[in-house]
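Q: So here's coords.csv, just CSV, C-alpha atoms:
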```csv
chain,number,residue,atom,x,y,z
K,1,MET,CA,-24.1,222.8,241.6
K,2,SER,CA,-25.5,223.6,238.2
K,3,LEU,CA,-27.0,221.8,235.3
K,4,GLY,CA,-24.7,221.3,232.4
K,5,HIS,CA,-25.4,220.7,228.8
K,6,HIS,CA,-28.3,218.3,228.1
K,7,GLY,CA,-29.1,218.1,231.8
K,8,TYR,CA,-25.9,216.6,233.1
K,9,CYS,CA,-25.4,217.5,236.7
K,10,HIS,CA,-22.0,218.9,237.4
K,11,GLY,CA,-20.6,217.6,240.7
K,12,MET,CA,-22.8,214.5,240.4
K,13,ASP,CA,-22.3,211.7,237.9
K,14,PHE,CA,-25.9,211.4,236.5
K,15,ASP,CA,-28.3,213.0,234.1
K,16,LEU,CA,-31.4,214.9,235.1
K,17,SER,CA,-34.4,213.5,233.2
K,18,CYS,CA,-38.1,213.3,233.8
K,19,ALA,CA,-41.0,210.9,233.5
K,20,PHE,CA,-44.7,211.4,233.0
K,21,ALA,CA,-47.9,209.7,233.8
K,22,THR,CA,-48.9,210.5,230.3
K,23,SER,CA,-51.7,213.0,229.8
K,24,LEU,CA,-53.0,215.1,227.0
K,25,GLN,CA,-50.9,218.0,228.3
K,26,THR,CA,-47.7,216.0,228.4
K,27,PRO,CA,-46.3,217.5,225.1
K,28,ASP,CA,-46.5,221.0,226.7
K,29,HIS,CA,-44.8,219.6,229.9
K,30,VAL,CA,-42.0,218.0,227.9
K,31,ALA,CA,-41.4,221.3,226.1
K,32,ILE,CA,-41.1,223.0,229.5
K,33,ALA,CA,-38.8,220.2,230.7
K,34,GLU,CA,-36.5,220.8,227.7
K,35,SER,CA,-36.4,224.5,228.4
K,36,LEU,CA,-35.4,223.7,232.0
K,37,GLY,CA,-32.5,221.5,230.9
K,38,TYR,CA,-33.9,218.0,231.4
K,39,ARG,CA,-32.0,215.5,229.4
K,40,ARG,CA,-34.7,213.0,228.6
K,41,ALA,CA,-38.5,212.5,229.0
K,42,TRP,CA,-39.9,209.0,229.6
K,43,LEU,CA,-43.6,208.5,229.0
K,44,TYR,CA,-45.6,205.8,230.8
K,45,ASP,CA,-47.5,203.2,228.8
K,46,SER,CA,-50.6,202.1,230.7
K,47,PRO,CA,-53.5,202.3,228.2
K,48,ALA,CA,-56.2,201.8,230.9
K,49,LEU,CA,-55.1,205.1,232.5
K,50,TYR,CA,-53.2,207.2,230.0
K,51,PRO,CA,-53.4,208.3,226.4
K,52,ASP,CA,-51.6,206.3,223.8
K,53,VAL,CA,-47.9,206.6,224.5
K,54,TRP,CA,-46.7,206.6,220.8
K,55,ALA,CA,-49.1,209.3,219.7
K,56,THR,CA,-48.0,211.4,222.6
K,57,LEU,CA,-44.3,210.8,222.0
K,58,VAL,CA,-44.8,212.0,218.4
K,59,ARG,CA,-46.6,215.1,219.6
K,60,CYS,CA,-43.7,215.7,222.0
K,61,ALA,CA,-41.1,215.3,219.2
K,62,GLU,CA,-42.9,217.9,217.1
K,63,ARG,CA,-42.8,220.4,220.1
K,64,THR,CA,-39.1,219.9,221.0
K,65,SER,CA,-35.7,219.7,219.4
K,66,THR,CA,-33.1,218.3,221.8
K,67,ILE,CA,-34.7,216.4,224.7
K,68,GLY,CA,-34.5,212.6,224.5
K,69,LEU,CA,-37.8,210.7,224.2
K,70,GLY,CA,-39.0,207.2,224.9
K,71,PRO,CA,-41.6,205.0,226.3
K,72,GLY,CA,-41.0,203.8,229.9
K,73,VAL,CA,-42.0,201.1,229.9
K,74,LEU,CA,-43.5,199.1,227.0
K,75,ILE,CA,-45.3,195.9,228.0
K,76,PRO,CA,-44.9,193.2,225.4
K,77,SER,CA,-48.5,191.8,225.8
K,78,LEU,CA,-50.0,195.2,224.9
K,79,ARG,CA,-48.8,195.2,221.3
K,80,HIS,CA,-47.5,192.9,218.6
K,81,PRO,CA,-43.7,193.5,218.1
K,82,MET,CA,-44.3,194.8,214.6
K,83,VAL,CA,-46.6,197.5,215.9
K,84,ASN,CA,-43.9,198.7,218.3
K,85,ALA,CA,-41.2,198.4,215.7
K,86,ALA,CA,-43.2,200.6,213.3
K,87,ALA,CA,-43.9,203.1,216.1
K,88,ILE,CA,-40.2,203.3,217.0
K,89,ALA,CA,-39.3,203.8,213.3
K,90,MET,CA,-41.9,206.7,213.1
K,91,LEU,CA,-40.6,208.4,216.3
K,92,ALA,CA,-37.0,208.0,215.1
K,93,GLU,CA,-37.8,209.6,211.8
K,94,ILE,CA,-39.7,212.5,213.3
K,95,ALA,CA,-37.5,213.2,216.4
K,96,GLY,CA,-34.2,211.9,215.0
K,97,VAL,CA,-32.9,208.5,216.0
K,98,GLU,CA,-30.3,210.0,218.4
K,99,ARG,CA,-33.1,211.3,220.6
K,100,VAL,CA,-34.9,207.9,221.0
K,101,ALA,CA,-34.5,205.3,223.7
K,102,VAL,CA,-36.9,202.4,224.5
K,103,ALA,CA,-37.6,200.9,227.9
K,104,VAL,CA,-39.5,197.6,228.1
K,105,GLY,CA,-40.8,195.8,231.2
K,106,SER,CA,-42.7,192.8,232.4
K,107,GLY,CA,-45.6,194.9,233.6
K,108,PHE,CA,-46.7,196.8,236.6
K,109,THR,CA,-49.6,199.3,236.1
K,110,GLY,CA,-49.8,198.4,232.4
K,111,ARG,CA,-50.8,194.8,233.4
K,112,TYR,CA,-52.3,195.2,236.9
K,113,THR,CA,-54.9,197.7,235.6
K,114,LEU,CA,-56.0,194.9,233.3
K,115,GLY,CA,-56.3,192.4,236.1
K,116,GLN,CA,-53.2,190.6,235.0
K,117,LYS,CA,-49.9,189.6,236.7
K,118,PRO,CA,-46.5,190.6,235.2
K,119,LEU,CA,-45.1,188.6,232.3
K,120,LYS,CA,-42.3,186.1,232.7
K,121,TRP,CA,-38.9,187.7,232.1
K,122,ALA,CA,-38.0,184.9,229.6
K,123,ASP,CA,-41.0,186.0,227.5
K,124,VAL,CA,-39.9,189.6,227.7
K,125,VAL,CA,-36.4,188.7,226.4
K,126,VAL,CA,-37.9,186.8,223.5
K,127,TYR,CA,-40.0,189.8,222.6
K,128,VAL,CA,-37.1,192.3,222.9
K,129,ARG,CA,-34.9,190.2,220.7
K,130,ALA,CA,-37.6,190.0,218.0
K,131,LEU,CA,-38.2,193.8,218.2
K,132,LYS,CA,-34.5,194.6,217.9
K,133,ALA,CA,-34.1,192.1,215.0
K,134,LEU,CA,-37.1,193.8,213.2
K,135,LEU,CA,-35.4,197.2,213.6
K,136,ARG,CA,-32.2,195.8,212.1
K,137,GLY,CA,-34.3,194.9,209.0
K,138,GLU,CA,-34.1,191.1,209.6
K,139,ILE,CA,-36.7,188.5,208.8
K,140,VAL,CA,-38.2,187.4,212.2
K,141,GLU,CA,-40.3,184.4,213.0
K,142,TRP,CA,-43.2,185.1,215.3
K,143,GLU,CA,-46.2,183.0,216.1
K,144,GLY,CA,-45.2,180.4,213.6
K,145,ALA,CA,-44.8,182.8,210.7
K,146,LYS,CA,-42.1,185.0,209.2
K,147,MET,CA,-42.3,188.8,209.0
K,148,GLN,CA,-40.1,191.8,208.2
K,149,MET,CA,-40.3,195.6,208.3
K,150,MET,CA,-41.0,196.4,204.6
K,151,HIS,CA,-41.5,200.1,204.9
K,152,PRO,CA,-40.2,201.9,201.8
K,153,ASP,CA,-38.8,205.4,201.8
K,154,GLY,CA,-41.2,207.9,203.3
K,155,TYR,CA,-43.0,205.3,205.4
K,156,GLY,CA,-40.6,205.1,208.3
K,157,ALA,CA,-36.9,205.4,209.2
K,158,PRO,CA,-34.7,203.2,207.0
K,159,ARG,CA,-33.3,200.1,208.6
K,160,PRO,CA,-31.2,199.3,210.5
K,161,ILE,CA,-32.6,201.5,213.3
K,162,THR,CA,-30.3,201.4,216.3
K,163,VAL,CA,-31.7,202.8,219.6
K,164,PRO,CA,-30.8,201.9,223.1
K,165,PHE,CA,-33.0,199.5,225.0
K,166,LEU,CA,-33.5,199.5,228.8
K,167,LEU,CA,-35.4,196.9,230.8
K,168,GLY,CA,-37.7,197.9,233.6
K,169,ALA,CA,-36.1,195.5,236.1
K,170,GLY,CA,-35.6,195.3,239.8
K,171,GLY,CA,-35.4,191.6,240.9
K,172,PRO,CA,-32.7,189.1,240.1
K,173,LYS,CA,-34.5,187.6,237.1
K,174,GLY,CA,-35.1,191.0,235.5
K,175,ILE,CA,-31.6,192.1,236.2
K,176,ALA,CA,-30.3,188.9,234.5
K,177,ALA,CA,-32.5,189.6,231.5
K,178,ALA,CA,-31.2,193.2,231.3
K,179,ARG,CA,-27.6,191.9,231.4
K,180,ALA,CA,-28.4,189.6,228.6
K,181,GLU,CA,-30.4,191.8,226.3
K,182,ALA,CA,-30.4,195.5,227.3
K,183,ASP,CA,-28.2,198.6,227.3
K,184,GLY,CA,-29.3,199.5,230.8
K,185,VAL,CA,-32.1,199.3,233.4
K,186,PHE,CA,-35.1,201.5,234.2
K,187,MET,CA,-35.8,201.1,237.9
K,188,ALA,CA,-38.0,202.4,240.7
K,189,GLY,CA,-37.3,202.1,244.4
K,190,SER,CA,-34.2,200.1,244.0
K,191,LEU,CA,-30.9,200.5,245.8
K,192,GLY,CA,-29.1,200.1,242.5
K,193,VAL,CA,-27.1,197.3,240.8
K,194,GLU,CA,-23.6,197.1,239.4
K,195,GLY,CA,-22.4,196.6,235.9
K,196,PHE,CA,-24.8,198.9,233.9
K,197,ALA,CA,-23.5,202.0,232.1
K,198,TRP,CA,-27.0,203.3,232.0
K,199,GLN,CA,-29.1,203.0,235.2
K,200,SER,CA,-32.2,205.2,235.2
K,201,GLN,CA,-34.0,205.6,238.5
K,202,LEU,CA,-37.5,206.9,238.9
K,203,LEU,CA,-38.1,209.3,241.7
K,204,PHE,CA,-41.6,210.5,242.8
K,205,GLY,CA,-42.6,213.2,245.3
K,206,SER,CA,-42.3,217.0,245.6
K,207,VAL,CA,-39.6,219.5,246.7
K,208,ILE,CA,-40.7,221.5,249.7
K,209,ASP,CA,-39.4,224.5,251.7
K,210,GLU,CA,-38.0,224.0,255.1
K,211,GLY,CA,-40.8,224.2,257.8
K,212,VAL,CA,-43.7,224.2,255.3
K,213,ASP,CA,-47.1,222.8,256.4
K,214,LEU,CA,-47.2,219.3,254.9
K,215,ALA,CA,-51.0,219.3,255.3
K,216,ASP,CA,-51.2,222.0,252.5
K,217,GLU,CA,-53.3,220.6,249.7
K,218,ARG,CA,-50.8,221.6,247.1
K,219,ILE,CA,-48.2,219.3,248.7
K,220,ILE,CA,-50.7,216.5,249.3
K,221,ALA,CA,-51.7,216.7,245.6
K,222,ALA,CA,-48.1,216.9,244.4
K,223,ALA,CA,-46.5,214.3,246.7
K,224,GLY,CA,-49.4,212.0,247.5
K,225,ALA,CA,-49.2,210.0,244.3
K,226,GLY,CA,-45.6,209.1,245.3
K,227,VAL,CA,-47.0,207.7,248.6
K,228,VAL,CA,-49.8,205.7,247.0
K,229,VAL,CA,-47.5,204.0,244.5
K,230,ALA,CA,-45.6,202.4,247.3
K,231,TRP,CA,-48.8,200.9,248.7
K,232,HIS,CA,-49.7,199.7,245.2
K,233,ALA,CA,-46.3,198.0,244.7
K,234,TRP,CA,-46.5,196.2,248.1
K,235,TYR,CA,-50.1,195.3,247.7
K,236,GLU,CA,-49.8,193.8,244.2
K,237,ARG,CA,-46.7,191.8,245.1
K,238,GLY,CA,-48.4,190.3,248.2
K,239,LEU,CA,-46.0,191.9,250.7
K,240,PRO,CA,-47.2,192.6,254.3
K,241,MET,CA,-48.9,196.0,254.1
K,242,ALA,CA,-48.4,196.5,257.9
K,243,LYS,CA,-44.7,197.2,257.3
K,244,LEU,CA,-45.6,200.4,255.4
K,245,PRO,CA,-46.8,203.6,257.2
K,246,SER,CA,-50.7,203.3,257.2
K,247,GLY,CA,-50.4,200.4,254.8
K,248,ALA,CA,-52.7,198.1,256.7
K,249,GLU,CA,-55.4,200.8,257.0
K,250,TRP,CA,-55.1,201.6,253.3
K,251,GLU,CA,-55.6,198.0,252.4
K,252,ALA,CA,-58.6,197.7,254.6
K,253,ALA,CA,-60.2,200.6,252.8
K,254,TYR,CA,-60.5,198.4,249.7
K,255,ALA,CA,-61.6,195.2,251.4
K,256,ASP,CA,-65.3,195.8,250.6
K,257,LEU,CA,-64.8,195.6,246.9
K,258,PRO,CA,-65.2,192.4,244.9
K,259,SER,CA,-61.8,190.7,244.5
K,260,ASP,CA,-62.1,190.5,240.7
K,261,GLU,CA,-62.8,194.3,240.4
K,262,ARG,CA,-60.6,195.6,243.3
K,263,HIS,CA,-57.7,196.4,241.0
K,264,LEU,CA,-59.8,198.9,239.1
K,265,ALA,CA,-60.3,201.0,242.3
K,266,VAL,CA,-56.8,200.4,243.7
K,267,HIS,CA,-55.2,201.8,240.5
K,268,ASP,CA,-57.7,204.7,240.1
K,269,ARG,CA,-55.5,207.8,239.3
K,270,HIS,CA,-52.3,205.8,239.8
K,271,LEU,CA,-49.4,208.2,239.7
K,272,ILE,CA,-51.7,211.0,238.7
K,273,ALA,CA,-53.4,212.1,241.9
K,274,VAL,CA,-54.7,210.9,245.3
K,275,ASN,CA,-58.1,209.2,244.8
K,276,ASP,CA,-61.0,209.5,247.3
K,277,ARG,CA,-60.2,206.2,249.1
K,278,ASP,CA,-56.5,207.1,249.5
K,279,ARG,CA,-56.9,210.6,250.7
K,280,ALA,CA,-57.6,209.8,254.4
K,281,PHE,CA,-54.2,208.0,254.6
K,282,VAL,CA,-52.0,210.5,252.9
K,283,THR,CA,-51.0,212.4,256.0
K,284,PRO,CA,-48.0,214.6,256.7
K,285,ALA,CA,-46.4,211.8,258.7
K,286,VAL,CA,-46.9,209.3,255.9
K,287,LEU,CA,-45.5,211.8,253.3
K,288,LYS,CA,-42.3,212.1,255.4
K,289,GLY,CA,-42.2,208.4,256.4
K,290,LEU,CA,-42.3,207.3,252.8
K,291,GLY,CA,-39.9,210.0,251.5
K,292,ALA,CA,-42.4,211.7,249.2
K,293,VAL,CA,-41.4,215.2,250.3
K,294,TYR,CA,-37.9,216.6,250.5
K,295,THR,CA,-36.1,219.9,250.9
K,296,PRO,CA,-33.6,220.9,248.3
K,297,ALA,CA,-30.7,219.8,250.6
K,298,GLU,CA,-32.4,216.5,251.3
K,299,LEU,CA,-33.0,215.9,247.6
K,300,ARG,CA,-29.3,216.5,246.8
K,301,GLY,CA,-28.3,214.2,249.6
K,302,ARG,CA,-30.6,211.5,248.3
K,303,LEU,CA,-29.4,211.9,244.7
K,304,ALA,CA,-25.8,211.7,245.8
K,305,GLY,CA,-26.6,208.4,247.6
K,306,MET,CA,-28.4,207.0,244.5
K,307,ALA,CA,-25.5,208.0,242.3
K,308,ALA,CA,-23.1,206.3,244.6
K,309,ASN,CA,-25.1,203.1,244.2
K,310,GLY,CA,-24.8,203.2,240.4
K,311,MET,CA,-27.6,205.6,239.2
K,312,THR,CA,-26.6,207.4,236.0
K,313,GLU,CA,-29.9,209.1,235.4
K,314,VAL,CA,-32.7,210.3,237.7
K,315,ALA,CA,-36.1,210.3,236.1
K,316,TYR,CA,-38.2,212.6,238.2
K,317,GLN,CA,-42.0,212.2,237.8
K,318,PRO,CA,-44.0,215.3,238.8
K,319,ALA,CA,-47.6,215.0,239.8
K,320,GLY,CA,-50.5,217.2,240.9
K,321,PRO,CA,-52.1,220.2,239.3
K,322,ASP,CA,-48.9,222.2,238.7
K,323,ILE,CA,-46.6,219.9,236.7
K,324,PRO,CA,-44.5,222.9,235.3
K,325,GLY,CA,-44.0,224.2,238.8
K,326,GLU,CA,-42.9,220.8,240.1
K,327,LEU,CA,-40.4,220.4,237.2
K,328,GLU,CA,-39.0,223.9,237.9
K,329,ARG,CA,-38.7,223.3,241.7
K,330,PHE,CA,-37.0,220.0,241.2
K,331,ALA,CA,-34.5,221.3,238.6
K,332,ALA,CA,-33.7,224.3,240.8
K,333,ALA,CA,-33.2,222.1,243.8
K,334,VAL,CA,-30.7,219.9,241.9
K,335,ARG,CA,-28.8,223.0,240.8
K,336,GLY,CA,-28.6,224.2,244.4
```
Will you turn the file into structure tokens for me?
A:
Amino acid sequence: MSLGHHGYCHGMDFDLSCAFATSLQTPDHVAIAESLGYRRAWLYDSPALYPDVWATLVRCAERTSTIGLGPGVLIPSLRHPMVNAAAIAMLAEIAGVERVAVAVGSGFTGRYTLGQKPLKWADVVVYVRALKALLRGEIVEWEGAKMQMMHPDGYGAPRPITVPFLLGAGGPKGIAAARAEADGVFMAGSLGVEGFAWQSQLLFGSVIDEGVDLADERIIAAAGAGVVVAWHAWYERGLPMAKLPSGAEWEAAYADLPSDERHLAVHDRHLIAVNDRDRAFVTPAVLKGLGAVYTPAELRGRLAGMAANGMTEVAYQPAGPDIPGELERFAAAVRG
């Protein structure tokens, strides 16, 4: 199996893309991803943890020429719709509108790190509709007043600006919102849904050699964040932690913290690294049990199953100290 033009995987009906817990080095990593044949780079938008997503996307655009770029996912409560509209227009002007896609969500890390719950999907839909109308150049009413993108030539891409929108959805309400207002879905840990021509699936973890020692610190560093994000998701949604490997023990490690500050420690280095409280629970057995490590053959089998369930794009998020190496290993494993 080999990567085709723009990261399309021959023999499998999906594109190979990547995602990043955005850092100051992300523009370098996106340039490497482009050279390795990745189709698109999605950058996370969690201001309490990562650098500004739009500034970083523009830096990526200036370092690359073909790879697609977009935020994944924007959270409406973080910015006024005019702010995001102007940012989309700037990225479209610098990168070329054909390279830009936008994913919007109700909030996971971007809200939980602020001590807030996800937004209502009805509010997300209203926001996306306003954002798309602004990009078309229309007058939009927001917060009881009318507004319009008024950027003259040289101050942003001319309207209308048409870019695809995905919704970061997983549950039935989010899926319904995506069917009503989006071009696709941007998902994590889902079995897939029918009816979307564009279904991007996040995948965490690290490619390993057969028989490797899973206690190796490189593997712990590269794959551990993919374990911890599963605990984060269950914990924040109030699901029984005991159903996850070492989940109850992990939860107990945070029980001594004040409830109104616990989220600050829980999300420390979310999808970046394994923090000090997490480290004791990221064991070889847990790495295997939560699927955070996989041989090339195991990866290809997993991707084939995801594609059979509707995935059209895998967005691999590397972690650890060697992001370029993780990107290269993943791409090589997909090629077989």
Q: Do you know which residues are at most 7 Å from segment 23-34 of chain K counting all atoms listed in the file, after dropping those on the same chain fewer than 4 positions away, and could you put them as a ChimeraX atom specification?
A: /K:38,41,50-51,56,59-60,63-64,67,324,327
Q: Distance atom CA of Cys18 of chain K-atom CA of Gly301 of chain K, one decimal place?
A: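 Straight-line distance from atom CA of Cys18 of chain K to atom CA of Gly301 of chain K works out to 18.6 Å.
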Q: Looking at only C-alpha atoms, which of K:Pro71, K:Ala248, K:Ala292, K:Pro240 is the one that sits closest to Leu167 of chain K?
A: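 Looking only at the distances to Leu167 of chain K, the closest residue turns out to be K:Pro71.
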Q: Within 7 Å of (-51.9, 207.1, 236.9), only C-alpha atoms: residues as a list in words?
A: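 Residues satisfying the cut-off, written out: Ala21, Leu49, Arg269, His270, Leu271 and Ile272 of chain K.
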Q: Considering all atoms listed in the file, state which residue in the set K:Asp213, K:Gly115, K:Phe204, K:Val227 is at the smallest distance from Ala265 of chain K.
A: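 Of all the options, K:Gly115 lies closest to Ala265 of chain K.
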Q: Take the point (-43.7, 209.8, 221.8) in the file's coordinates, draw a sphere of radius 8 Å around it, and report as a list of chain:residue names every protein, DNA or RNA residue with an atom inside or on it, counting all atoms listed in the file.
A: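 So the residues meeting the distance criterion are K:Leu43, K:Val53, K:Trp54, K:Ala55, K:Thr56, K:Leu57, K:Val58, K:Arg59, K:Cys60, K:Ala61, K:Leu69, K:Gly70, K:Pro71, K:Leu91.
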Q: Do you have the atom CA of Ile220 of chain K-atom CA of Arg262 of chain K distance handy?
A: 23.9 Å
Q: Residues at most 6 Å from Ala169 of chain K, counting only C-alpha atoms, excluding those fewer than 3 positions away in the same chain, as a compact mmCIF listing (two decimals) with C-alpha atoms, in the frame of the given file?
A:
```txt
# COMPACT_ATOMS: atom_id res chain seq x y z
CA GLY K 174 -35.10 191.00 235.50
CA ILE K 175 -31.60 192.10 236.20
CA MET K 187 -35.80 201.10 237.90
```
Q: Select, from K:Glu210, K:Val124, K:Pro118, K:Ala87, the residue with the minimum atom-to-atom distance to Gly156 of chain K, counting only C-alpha atoms.
A: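 Answer, going by the shortest atom-to-atom distance: K:Ala87.
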Q: To one decimal place in Å, what is the distance between atom CA of Glu313 of chain K and atom CA of Gly105 of chain K?
A: 17.7 Å
Q: May I ask which of the residues K:Met306, K:Tyr112, K:Ala92, K:Val163 is the closest one to Leu264 of chain K, counting only C-alpha atoms?
A: K:Tyr112
Q: Counting all atoms listed in the file, give me one row per residue of segment 284-312 of chain K with an atom at most 9 Å from an atom of segment 188-201 of chain K, showing the shortest contact pair and its distance in Å to one decimal, sorted by chain then residue number, as a Markdown table.
A:
```
| residue | atom | partner | partner_atom | distance |
| --- | --- | --- | --- | --- |
| K:Met306 | CA | K:Leu191 | CA | 7.1 |
| K:Ala307 | CA | K:Gly192 | CA | 8.7 |
| K:Ala308 | CA | K:Gly192 | CA | 8.9 |
| K:Asn309 | CA | K:Gly192 | CA | 5.3 |
| K:Gly310 | CA | K:Gly192 | CA | 5.7 |
| K:Met311 | CA | K:Gln199 | CA | 5.0 |
| K:Thr312 | CA | K:Gln199 | CA | 5.1 |
```
Q: Here is a test: counting only C-alpha atoms, which residue of K:Lys173, K:Val104, K:Asp276, K:Gly238 is nearest to Val185 of chain K?
A: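 Checking each candidate against Val185 of chain K, we get K:Val104 as the closest.
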Q: Measuring atom to atom with all atoms listed in the file, identify which of K:Met82, K:Ala297, K:Val97, K:Leu16 is nearest to Val140 of chain K.
A: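 Comparing K:Met82, K:Ala297, K:Val97, K:Leu16 against Val140 of chain K, the winner is K:Met82.
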Q: Hey, what's within 10 Å of Leu131 of chain K if we count all atoms listed in the file and toss same-chain stuff fewer than 4 positions away? As a list in words, please?
A: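 Selected residues are Pro76, His80, Pro81, Met82, Val83, Asn84, Ala85, Ala86, Ile88, Val125, Val126, Tyr127, Leu135, Arg136, Glu138 and Val140 of chain K.
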Q: Write out as a PyMOL selection string the residues lying within 9 Å of Leu74 of chain K, counting all atoms listed in the file and excluding same-chain residues fewer than 4 positions away.
A: chain K and resi 44-46+78-79+84+102-107+110+168
Q: Considering all atoms listed in the file, return as a VMD selection string whatever protein or nucleic-acid residues lie within 10 Å of Gly289 of chain K, sequence-local ones (same chain, fewer than 4 positions apart) excluded.
A: chain K and resid 227 244 to 246 283 to 285 293
Q: Starting from the sparse input, extend segment 215-235 of chain K to N, CA and C atoms and give the output as a compact mmCIF listing (two decimals), keeping the file's coordinate frame.
A:
```txt
# COMPACT_ATOMS: atom_id res chain seq x y z
N ALA K 215 -49.59 219.54 255.49
CA ALA K 215 -51.00 219.30 255.30
C ALA K 215 -51.58 220.20 254.17
N ASP K 216 -50.75 221.08 253.64
CA ASP K 216 -51.20 222.00 252.50
C ASP K 216 -51.64 221.09 251.36
N GLU K 217 -52.78 221.45 250.79
CA GLU K 217 -53.30 220.60 249.70
C GLU K 217 -52.47 220.57 248.48
N ARG K 218 -51.69 221.63 248.21
CA ARG K 218 -50.80 221.60 247.10
C ARG K 218 -49.76 220.47 247.26
N ILE K 219 -49.24 220.35 248.47
CA ILE K 219 -48.20 219.30 248.70
C ILE K 219 -48.84 217.95 248.72
N ILE K 220 -50.04 217.82 249.30
CA ILE K 220 -50.70 216.50 249.30
C ILE K 220 -50.94 216.10 247.82
N ALA K 221 -51.39 217.03 246.98
CA ALA K 221 -51.70 216.70 245.60
C ALA K 221 -50.40 216.37 244.81
N ALA K 222 -49.31 217.09 245.10
CA ALA K 222 -48.10 216.90 244.40
C ALA K 222 -47.30 215.67 244.82
N ALA K 223 -47.34 215.39 246.12
CA ALA K 223 -46.50 214.30 246.70
C ALA K 223 -47.31 213.05 246.98
N GLY K 224 -48.63 213.17 247.07
CA GLY K 224 -49.40 212.00 247.50
C GLY K 224 -49.35 210.83 246.58
N ALA K 225 -49.27 211.08 245.28
CA ALA K 225 -49.20 210.00 244.30
C ALA K 225 -47.93 209.13 244.58
N GLY K 226 -46.86 209.77 245.04
CA GLY K 226 -45.60 209.10 245.30
C GLY K 226 -45.75 208.16 246.56
N VAL K 227 -46.65 208.51 247.48
CA VAL K 227 -47.00 207.70 248.60
C VAL K 227 -47.77 206.45 248.17
N VAL K 228 -48.83 206.74 247.42
CA VAL K 228 -49.80 205.70 247.00
C VAL K 228 -49.09 204.62 246.16
N VAL K 229 -48.13 205.01 245.33
CA VAL K 229 -47.50 204.00 244.50
C VAL K 229 -46.71 202.99 245.31
N ALA K 230 -46.22 203.39 246.46
CA ALA K 230 -45.60 202.40 247.30
C ALA K 230 -46.55 201.40 247.86
N TRP K 231 -47.75 201.87 248.25
CA TRP K 231 -48.80 200.90 248.70
C TRP K 231 -49.18 200.00 247.54
N HIS K 232 -49.33 200.56 246.33
CA HIS K 232 -49.70 199.70 245.20
C HIS K 232 -48.65 198.62 244.97
N ALA K 233 -47.39 198.98 245.00
CA ALA K 233 -46.30 198.00 244.70
C ALA K 233 -46.34 196.88 245.75
N TRP K 234 -46.47 197.22 247.02
CA TRP K 234 -46.50 196.20 248.10
C TRP K 234 -47.74 195.33 247.97
N TYR K 235 -48.87 195.97 247.75
CA TYR K 235 -50.10 195.30 247.70
C TYR K 235 -50.13 194.24 246.53
```
